Structures are given as C-alpha cells and as structure tokens.
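**Student:** Sharing a structure with you now.
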Number of protein chains: 2
Amino acid sequence: MLVATKKPIDLQAKLFRGFAEPARLAILQVLRKGAVTVGDIVQTTNLSQSNVSNHLNCLKDCGLVSSEQRGRFVYYQLSDERIAKLLDLADEILADVAKGVYECTRLQNG
Amino acid sequence: MLVATKKPIDLQAKLFRGFAEPARLAILQVLRKGAVTVGDIVQTTNLSQSNVSNHLNCLKDCGLVSSEQRGRFVYYQLSDERIAKLLDLADEILADVAKGVYECTRLQNG
DNA sequence: ACAACATATGATTATATAATGATATATTGA
DNA sequence: TCAATATATCATTATATAATCATATGTTGT
C-alpha cells in the first residue's frame, strides 16, 4: 500500500477519477436520488454485485460517498451535495461539447 | 478507430477522464491564465514536448480545449469558461473530502 | 446455533492508458 | 531553397485499472 502523493494536483486528479468511469458514474447517478442499498444499485445498474461493491469502496475511500449500516443492509449516499452540482455542471458542458467528446478516440473506454 | 458509444453516461465518463490525470490537469491549470503556446506549457509543467502534445490532442478531441495557429506557434485555450468553474468546484469539494482522497488506495496514480 | 440473505474481499486476467524516444511535419526568415 | 524553430505523430514499453469468479464476512429471525 503506497502512500499517496501530497501534491494538490494529484489529489484533484484522483478525485476526478472517481467520476471518470461509466460504472462509477452510473452508481453516482443512482445515488443522486438519495440513500440506497447495494442491492438497489445492483438492480438499477445491471452491474455484478462484486463489481458494485468494489466501485462503492473506491468511491467511499475517495470521499465521494458515505455509507451507513441499517440492519442487514448498507445504505450509500453522496457525501456532499456539491458532488451532484459537479455532475450537473459536467452535463451542461457536455451538452455543448458533446460532439468533441463523441469523437474523442484517445480515451476509448466507452 | 472505434466508434464511440452513444450512451450519455459513457460520454460523461470520457469527459471526466480529460480531468482525471495529473499531467492533463496541470495543463488545464496553465490554460486558465489564457491562451498559451505548447512551448509555454512545456516550460511551465516540465513535461516533455511530446507528452504535452499528446495530452493536448486528447483534451482537444474531448472538447475541453481549442487551438489556433498563429505564425509558427499554436495557441491553446479552454474551450468553455465552465471548465474553469468545474475545476473550482472540484477544488471546493476536495477541500472538504481531501482526507478521503488522500487515503484512497484504489486509485493509486499519484 | 443455524439458515438465509446482504455485502465485502481476494486473486486472476484482460484491457486501457501514460511516458518515452525517434522521427515527421509545419512555418518563418534569410 | 535551406536552416532553425515549433509542434505533431508513431511505436514501444510499463503501469494502472476494470471485470470476473470464488469465497468470506456480517446480519437477522427462528
């Protein structure tokens, strides 16, 4: 387990990576509706349970989501309302630059 | 050259990937000051010329920056003011969740 | 304690991407 | 056209990460 770099720019890059993946983004979108269980996310996203669990842990480590156990369920939610705001802003930008992103072939994942 | 997926969530993930890397983020920060040449970016960031060029092409393909040739120089700039806004918002979020990001070991790049 | 359900963890494999170094392509002025 | 400068492209290598499968852990009600 390496120690993370202290440089702000590396932290910021890491923060953005939380958003930079379709599966995690799908999870974040589900979480915008409020606190939901892992099972709910699995159903809504059609991702495998372990895949969702892994991504949730990633998002939690990175501070984007928080979790709370209630009975045998674990509820996840966005840890800060500004995360939804950032998603909105990205939507807006995307609406105007979508053509460029659509044609971007250097980042091919999706 | 594959055709990009049409799903909005994939486009959004791709957009975020533009931001999700220290080198590109460093370039974007330089561009916040206005239009600058590739050489300026190389000097400011200490990245290699070809590395900067590759990342700039990536950012351009993804619609985050635009370029304009003037004489033998190519000037790059942010393509939309909301990109700076998004960076600011990320800074804000980071200020509050920084500890989590710092400790995140699942995304180790930096 | 046991069965049933909910979630997490770990190892493995496949893929995506970043960095580098060498080279190619502008562009300008002499 | 030639030399000099600025930027882009390409191939290679190294690394980071996502997905999967199997299994482990935790929780509840009986």
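Going by the structure tokens order, chains are called A, B, ..., each with residues numbered from 1, while ligands are numbered from 1 in the order shown.
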List as number ranges by chain the protein and nucleic acid residues near DA6 of chain D, meaning an atom at most 9 Å away when only C-alpha atoms (C1' of nucleotides) are counted, but skip any in the same chain fewer than 4 places from it.

**Tutor:** B: 38-39, 72-74; C: 26-27

**Student:** Find the residues around Val97 of chain A up to 12 Å (only C-alpha atoms (C1' of nucleotides) counted), leave out those fewer than 3 positions away in its own chain, and share them as a PyMOL selection string.

**Tutor:** (chain A and resi 90-94+100-104) or (chain B and resi 11-12+14-15+59-66+78-80+82-83)

**Student:** Quick one: pick out all helix (DSSP H, G or I) residues within chain B from a backbone DSSP run and write them as a ChimeraX atom specification.

**Tutor:** /B:8-19,22-31,38-45,49-61,81-103

**Student:** Counting only C-alpha atoms (C1' of nucleotides), a student should be able to say which residues of chain D come within 12 Å of chain B; what is the right answer, written as a list in words?

**Tutor:**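 That gives DA4, DT5, DA6, DT7, DA8, DT9, DC10, DT15, DA16, DT17 and DA18 of chain D for chain D.
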
**Student:** Generate the output file for the selected residues, N, CA and C atoms (P, O5', C5', C4', C3', O3' and C1' of nucleotides), as a compact mmCIF listing (two decimals), in the first residue's frame.

**Tutor:**
# COMPACT_ATOMS: atom_id res chain seq x y z
P DA D 4 21.05 25.94 -38.53
O5' DA D 4 19.70 26.48 -37.88
C5' DA D 4 19.39 27.87 -37.99
C4' DA D 4 18.05 28.12 -37.34
C3' DA D 4 17.85 27.37 -36.03
O3' DA D 4 17.32 28.27 -35.05
C1' DA D 4 16.06 26.94 -37.48
P DT D 5 17.20 27.76 -33.53
O5' DT D 5 15.61 27.70 -33.34
C5' DT D 5 14.84 28.85 -33.69
C4' DT D 5 13.40 28.42 -33.83
C3' DT D 5 12.85 27.70 -32.61
O3' DT D 5 11.74 28.44 -32.14
C1' DT D 5 12.25 26.61 -34.60
P DA D 6 10.98 27.99 -30.83
O5' DA D 6 9.72 27.23 -31.45
C5' DA D 6 8.75 27.96 -32.18
C4' DA D 6 7.61 27.02 -32.53
C3' DA D 6 7.08 26.24 -31.33
O3' DA D 6 5.68 26.46 -31.25
C1' DA D 6 7.62 24.77 -33.13
P DT D 7 4.83 25.77 -30.09
O5' DT D 7 4.42 24.42 -30.79
C5' DT D 7 3.59 24.48 -31.95
C4' DT D 7 3.43 23.11 -32.55
C3' DT D 7 2.76 22.07 -31.67
O3' DT D 7 1.48 21.81 -32.24
C1' DT D 7 4.57 21.15 -32.91
P DA D 8 0.56 20.64 -31.68
O5' DA D 8 0.95 19.40 -32.61
C5' DA D 8 0.90 19.54 -34.02
C4' DA D 8 1.19 18.21 -34.69
C3' DA D 8 0.39 17.03 -34.16
O3' DA D 8 -0.11 16.32 -35.28
C1' DA D 8 2.70 16.53 -34.09
P DT D 9 -1.05 15.08 -35.07
O5' DT D 9 -0.04 13.85 -35.26
C5' DT D 9 0.59 13.69 -36.51
C4' DT D 9 1.53 12.49 -36.42
C3' DT D 9 0.87 11.20 -35.96
O3' DT D 9 1.11 10.25 -36.96
C1' DT D 9 2.90 11.56 -34.83
P DC D 10 0.29 8.89 -37.00
O5' DC D 10 1.41 7.81 -36.61
C5' DC D 10 2.72 7.92 -37.18
C4' DC D 10 3.65 6.99 -36.42
C3' DC D 10 2.96 5.74 -35.88
O3' DC D 10 3.66 4.60 -36.34
C1' DC D 10 4.26 6.81 -34.20
P DT D 15 6.89 -0.18 -14.54
O5' DT D 15 5.38 0.28 -14.31
C5' DT D 15 5.04 1.61 -14.62
C4' DT D 15 3.54 1.72 -14.68
C3' DT D 15 2.84 1.12 -13.46
O3' DT D 15 2.19 2.21 -12.83
C1' DT D 15 1.75 0.55 -15.48
P DA D 16 1.43 2.06 -11.42
O5' DA D 16 -0.07 2.36 -11.85
C5' DA D 16 -0.31 3.16 -12.99
C4' DA D 16 -1.78 3.13 -13.30
C3' DA D 16 -2.68 2.86 -12.11
O3' DA D 16 -3.83 3.68 -12.26
C1' DA D 16 -2.96 1.14 -13.71
P DT D 17 -4.92 3.75 -11.12
O5' DT D 17 -6.04 2.80 -11.70
C5' DT D 17 -6.55 3.10 -12.97
C4' DT D 17 -7.37 1.95 -13.47
C3' DT D 17 -8.43 1.47 -12.48
O3' DT D 17 -9.65 1.72 -13.09
C1' DT D 17 -7.34 -0.33 -13.58
P DA D 18 -11.06 1.56 -12.51
O5' DA D 18 -11.62 0.33 -13.36
C5' DA D 18 -11.71 0.48 -14.76
C4' DA D 18 -12.34 -0.77 -15.35
C3' DA D 18 -13.58 -1.25 -14.62
O3' DA D 18 -14.52 -1.70 -15.58
C1' DA D 18 -11.89 -2.93 -14.55

**Student:** Do you have, as a Markdown table, the list of residues of chain C lying at most 10 Å from chain B, each with its nearest atom pair and that distance in Å to one decimal, counting only C-alpha atoms (C1' of nucleotides) and ordered by chain then number?

**Tutor:**
| residue | atom | partner | partner_atom | distance |
| --- | --- | --- | --- | --- |
| C:DA18 | C1' | B:Asn51 | CA | 8.6 |
| C:DA19 | C1' | B:Asn51 | CA | 7.0 |
| C:DT20 | C1' | B:Asn51 | CA | 8.4 |
| C:DG21 | C1' | B:Ser50 | CA | 9.5 |
| C:DA26 | C1' | B:Arg72 | CA | 7.7 |
| C:DT27 | C1' | B:Arg72 | CA | 4.9 |
| C:DT28 | C1' | B:Arg72 | CA | 7.1 |

**Student:** Hey, which of B:Ala20, B:Val36, B:Ala95, B:Val30 ends up closest to chain A? Count only C-alpha atoms.

**Tutor:**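 Nearest candidate to chain A out of B:Ala20, B:Val36, B:Ala95, B:Val30: B:Ala20.
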